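Asker: First the structure, which I've put down as structure tokens, then a few questions once you've had a look.
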Amino acid sequence: MQSVLIVDDEPNIRRMLGALLRAEGYEVREAGSGRGALAEVRGEEPDAVMMDLYMPDATGLEVLPELRKAAPDVPVLMMSGRASLSDAVRATKLGAFHFVEKPLAPEAVLLSLRSALELRRTRAVNRALRAELRRADGMVGRTPAMEAVRSVVERVAPTDARVLITGESGTGKEVVATAIHEQSQRHGGPLVRLNCAAIPRDLVESEMFGHEKGAFTGATERRRGRFELASGGTLFLDEIGDLSLEAQAKLLRALEGGEIERVGGHEPIRVDVRILAATNKELRGEVAAGRFREDLFFRLHVIPIHLPPLRERRDDVPLLVEHFLGRHAANGLRPPRLLPGAMDALVRHPWPGNVRELANILERLSILHADGDVGAAEIRVLLAGGGPAPADGGPAYRDDDDRPLADRLDVYERELLNGALEAASGSVAEAARRLQTDRANLYRRMRRLGIDR
């Protein structure tokens with residue numbers, strides 16, 4: 001039964017309103033003064049409060065801030081027969097849910113109360129979901145390496161310190177950034193992501209800081225950049241090591257001054273943003289090579305968090321398998337049953353694509369072997385790329401294949417590039433790194449072979 005606290009110095013009002021609410025199935029509690037209301041709320045939190053604006057010991061406007069502090073999720077409806085518009089505006093600014101005018105109309109009271117209680121329920125659900133997110137932070141694993149990462153996240157999340165997350169591609173750097181944001185004081189604000197490797201060089205400044213209408217060809221309207229969108233929350237700069245030196249200089253100025261300026265604009269804009277950055281590069285080496293600014297590195301490298309590759313925490317593979325198969329089941333797929341030997345094959349695999357590669361394999365298993373039995377043989381076939389691979393890992397020669405050498409090489413190259421792109425979840429930059437070539441060369445080969453990114 002939902003409880004409502006009625007706060008009014010007039011006994012007749014409390015009696016009349018109490019009778020109405022009890023008839024509707026509410027539990028009713030009463031207080032005859034503002035201080036009495038605070039004592040009631042601190043003793044046992046009600047689901048909603050209906051409070052008179054004018055009382056002898058303290059006005060509702062004086063009590064409201066203390067009440068909101070004692071029970072921030074409890075909606076408060078203010079009541080008055082002689083309130084001015086300024087009173088109503090002030091009460092709303094102080095956190096009142098609604099203003100109900102006296103004499104009280106039963107229909108208006110019940111409608112406002114139902115809306116207030118729905119807000120209370122929504123807040124409770126939201127709080128429970130956030131608590132669940134904090135418990136299940138997405139960082140699956142119980143190896144010492146992952147426990148160390150989780151410990152650092154728990155300590156740094158409540159602060160506004162900048163964090164640099166490092167690790168190979170696919171280790172879960174974005175998962176860690178999300179956990180930090182969700183456990184921070186900024187969790188009610190936005191978490192805005194920016195993949196620095198995916199932005200064309202001439203659009204980096206516009207993406208980060210926004211632009212004014214007419215600032216350049218194609219700028220048909222004003223656009224807010226990621227810094228503005230993230231104000232009050234967190235900005236996650238992924239693949240920070242791929243920023244050009246020019247873009248690094250502009251980012252450094254924004255971090256130092258806490259202000260940005262849109263492209264084509266002339267007025268500085270204050271932003272309140274926490275920065276989390278991630279990279280799969282060794283930034284100290286990039287600094288030594290002159291490809292990354294040392295001053296920007298030290299601005300970002302306040303709290304470092306390094307994510308180990310999956311091959312260094314193999315004991316976490318069974319937990320990750322359970323996690324991903326459970327997620328697929330929740331999304332309507334019918335995960336397979338792993339037979340003896342299947343899990344061992346997964347644990348023994350070196351996982352060059354780390355957790356991302358494991359997630360992709362398990363999704364494929366859930367589709368190709370839905371609700372079926374999967375043994376070590378099926379696992380090995382999938383890990384080999386969908387079919388039995390030649391012993392040396394290269395293309396097999398067949399006497400019955402009469403295609404010219406160039407055509408056969410194109411087929412092999414297409415399979416090789418598609419496999420690298422799949423392992424990199426479509427990231428051309430990451431696929432190029434795996435193939436030990438540059439992005440421009442990879443793009444040329446993709447165009448020649450008709451591979452769609």
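Just so we're on the same page: first chain in the structure tokens is A, next is B, and so on; residues restart at 1 for each chain, and ligands are numbered from 1 in the order they show up.
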Show which residues sit within 10 Å of stretch 359-375 of chain A, as number ranges by chain. Count only C-alpha atoms, and ignore same-chain residues fewer than 6 positions away.
Answerer: A: 170, 320-325, 327-329, 333-346, 353, 382-383, 385-386, 422-423, 425
Asker: Per DSSP on the backbone, what are the strand (DSSP E or B) residues of stretch 212-415 of chain A, as an mmCIF file with C-alpha atoms, in the first residue's frame?
Answerer:
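Contents of out_7.cif, freshly written:
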```
data_model
loop_
_atom_site.group_PDB
_atom_site.id
_atom_site.type_symbol
_atom_site.label_atom_id
_atom_site.label_comp_id
_atom_site.auth_asym_id
_atom_site.auth_seq_id
_atom_site.Cartn_x
_atom_site.Cartn_y
_atom_site.Cartn_z
ATOM 1 C CA ARG A 223 25.921 22.253 -35.076
ATOM 2 C CA ARG A 224 27.044 21.544 -31.531
ATOM 3 C CA THR A 234 31.658 12.578 -19.740
ATOM 4 C CA LEU A 235 33.435 12.696 -23.104
ATOM 5 C CA PHE A 236 35.098 9.428 -24.151
ATOM 6 C CA LEU A 237 37.836 9.960 -26.737
ATOM 7 C CA ASP A 238 38.516 6.547 -28.244
ATOM 8 C CA GLU A 259 36.390 26.578 -23.135
ATOM 9 C CA ILE A 260 35.766 25.751 -26.770
ATOM 10 C CA VAL A 263 34.342 26.623 -36.173
ATOM 11 C CA ILE A 269 31.756 28.587 -24.793
ATOM 12 C CA ARG A 270 32.323 27.225 -21.297
ATOM 13 C CA ARG A 274 35.178 14.953 -17.755
ATOM 14 C CA ILE A 275 37.612 13.425 -20.234
ATOM 15 C CA LEU A 276 38.250 9.702 -20.576
ATOM 16 C CA ALA A 277 40.621 8.633 -23.349
ATOM 17 C CA ALA A 278 41.607 5.269 -24.780
ATOM 18 C CA THR A 279 44.200 3.951 -27.186
ATOM 19 C CA ILE A 303 45.100 7.931 -13.926
ATOM 20 C CA PRO A 304 46.289 5.116 -16.228
ATOM 21 C CA ILE A 305 44.285 1.892 -16.557
ATOM 22 C CA HIS A 306 45.761 -0.931 -18.624
ATOM 23 C CA ARG A 337 24.945 -26.298 -25.332
ATOM 24 C CA LEU A 338 28.712 -26.606 -25.026
ATOM 25 C CA ASP A 373 25.137 -29.317 -29.131
ATOM 26 C CA VAL A 374 28.568 -27.857 -29.838
#
```
Asker: From the DSSP assignment of the backbone, select every residue of stretch 200-258 of chain A that is alpha helix (DSSP H), and format the answer as an NGL selection string.
Answerer: :A and (204-209 or 226-229 or 245-257)
Asker: When you count only C-alpha atoms, which of these residues is closest to A:Leu442: A:Glu430, A:Glu147, A:Glu44, A:Glu207?
Answerer: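 Closest candidate: A:Glu430.
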Asker: Rank nothing, just name the residue among A:Val271, A:Val100, A:Leu194, A:Leu245 nearest to A:Phe292, using only C-alpha atoms.
Answerer: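 Of A:Val271, A:Val100, A:Leu194, A:Leu245, the one nearest A:Phe292 is A:Leu245, counting only C-alpha atoms.
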Asker: Any idea what's packed within 9 Å of A:Arg291, counting only C-alpha atoms, ignoring anything in its chain fewer than 4 positions away? Could you give it as a list in words?
Answerer: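 Skipping anything fewer than 4 positions along the chain leaves Gly241, Ser244, Leu245, Leu283, Gly285, Glu286 and Val287 of chain A.
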Asker: Let's have the selection written as a tab-separated table (two decimals), in the first residue's frame, with C-alpha atoms.
Answerer:
```tsv
chain	number	residue	atom	x	y	z
A	241	GLY	CA	46.52	8.12	-30.50
A	244	SER	CA	46.72	14.51	-35.91
A	245	LEU	CA	49.19	16.88	-34.24
A	283	LEU	CA	51.72	6.69	-26.32
A	285	GLY	CA	56.66	5.68	-27.84
A	286	GLU	CA	54.45	7.95	-29.96
A	287	VAL	CA	55.69	10.94	-27.94
```
Asker: With distances taken over only C-alpha atoms, which residue among A:Gly265, A:Ser169, A:Val76, A:Glu174 lies nearest A:Phe209?
Answerer: A:Gly265
Asker: Mind checking which residues fall within 8 Å of A:Met79, counting only C-alpha atoms, ignoring those fewer than 5 positions away in the same chain, and posting them as a list in words?
Answerer: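 The neighbour list is Met50, Met51, Asp52, Leu53, Phe99, Val100, Glu101 and Lys102 of chain A.
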Asker: Take the residues just selected and output them with C-alpha atoms as a PDB file, in the first residue's frame.
Answerer:
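Resulting contents of result-v4.pdb:
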```
ATOM      1  CA  MET A  50       1.172  16.834   0.346  1.00  0.00           C
ATOM      2  CA  MET A  51       2.221  19.976   2.230  1.00  0.00           C
ATOM      3  CA  ASP A  52       0.541  23.292   2.960  1.00  0.00           C
ATOM      4  CA  LEU A  53       2.423  26.405   1.902  1.00  0.00           C
ATOM      5  CA  PHE A  99       0.926  23.031  -6.826  1.00  0.00           C
ATOM      6  CA  VAL A 100      -2.665  22.177  -5.791  1.00  0.00           C
ATOM      7  CA  GLU A 101      -5.000  25.076  -5.094  1.00  0.00           C
ATOM      8  CA  LYS A 102      -7.411  25.221  -2.159  1.00  0.00           C
TER       9      LYS A 102
END
```
Asker: Out of A:Gln185, A:Ala198, A:Glu261, A:Ala254, which residue has the shortest atom-to-atom distance to A:Arg439 when counting only C-alpha atoms?
Answerer: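 Closest candidate: A:Ala198.
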Asker: For A:Pro309, which residue out of A:Gly189, A:Pro352, A:Gly32, A:Pro65 is the nearest one, using only C-alpha atoms?
Answerer: A:Pro352
Asker: Need the shell around A:Ile451: protein/DNA/RNA residues with any atom at most 10 Å away, counting only C-alpha atoms. Skip same-chain ones fewer than 3 positions apart. Format as a PyMOL selection string?
Answerer: chain A and resi 414+417-418+443+445-448
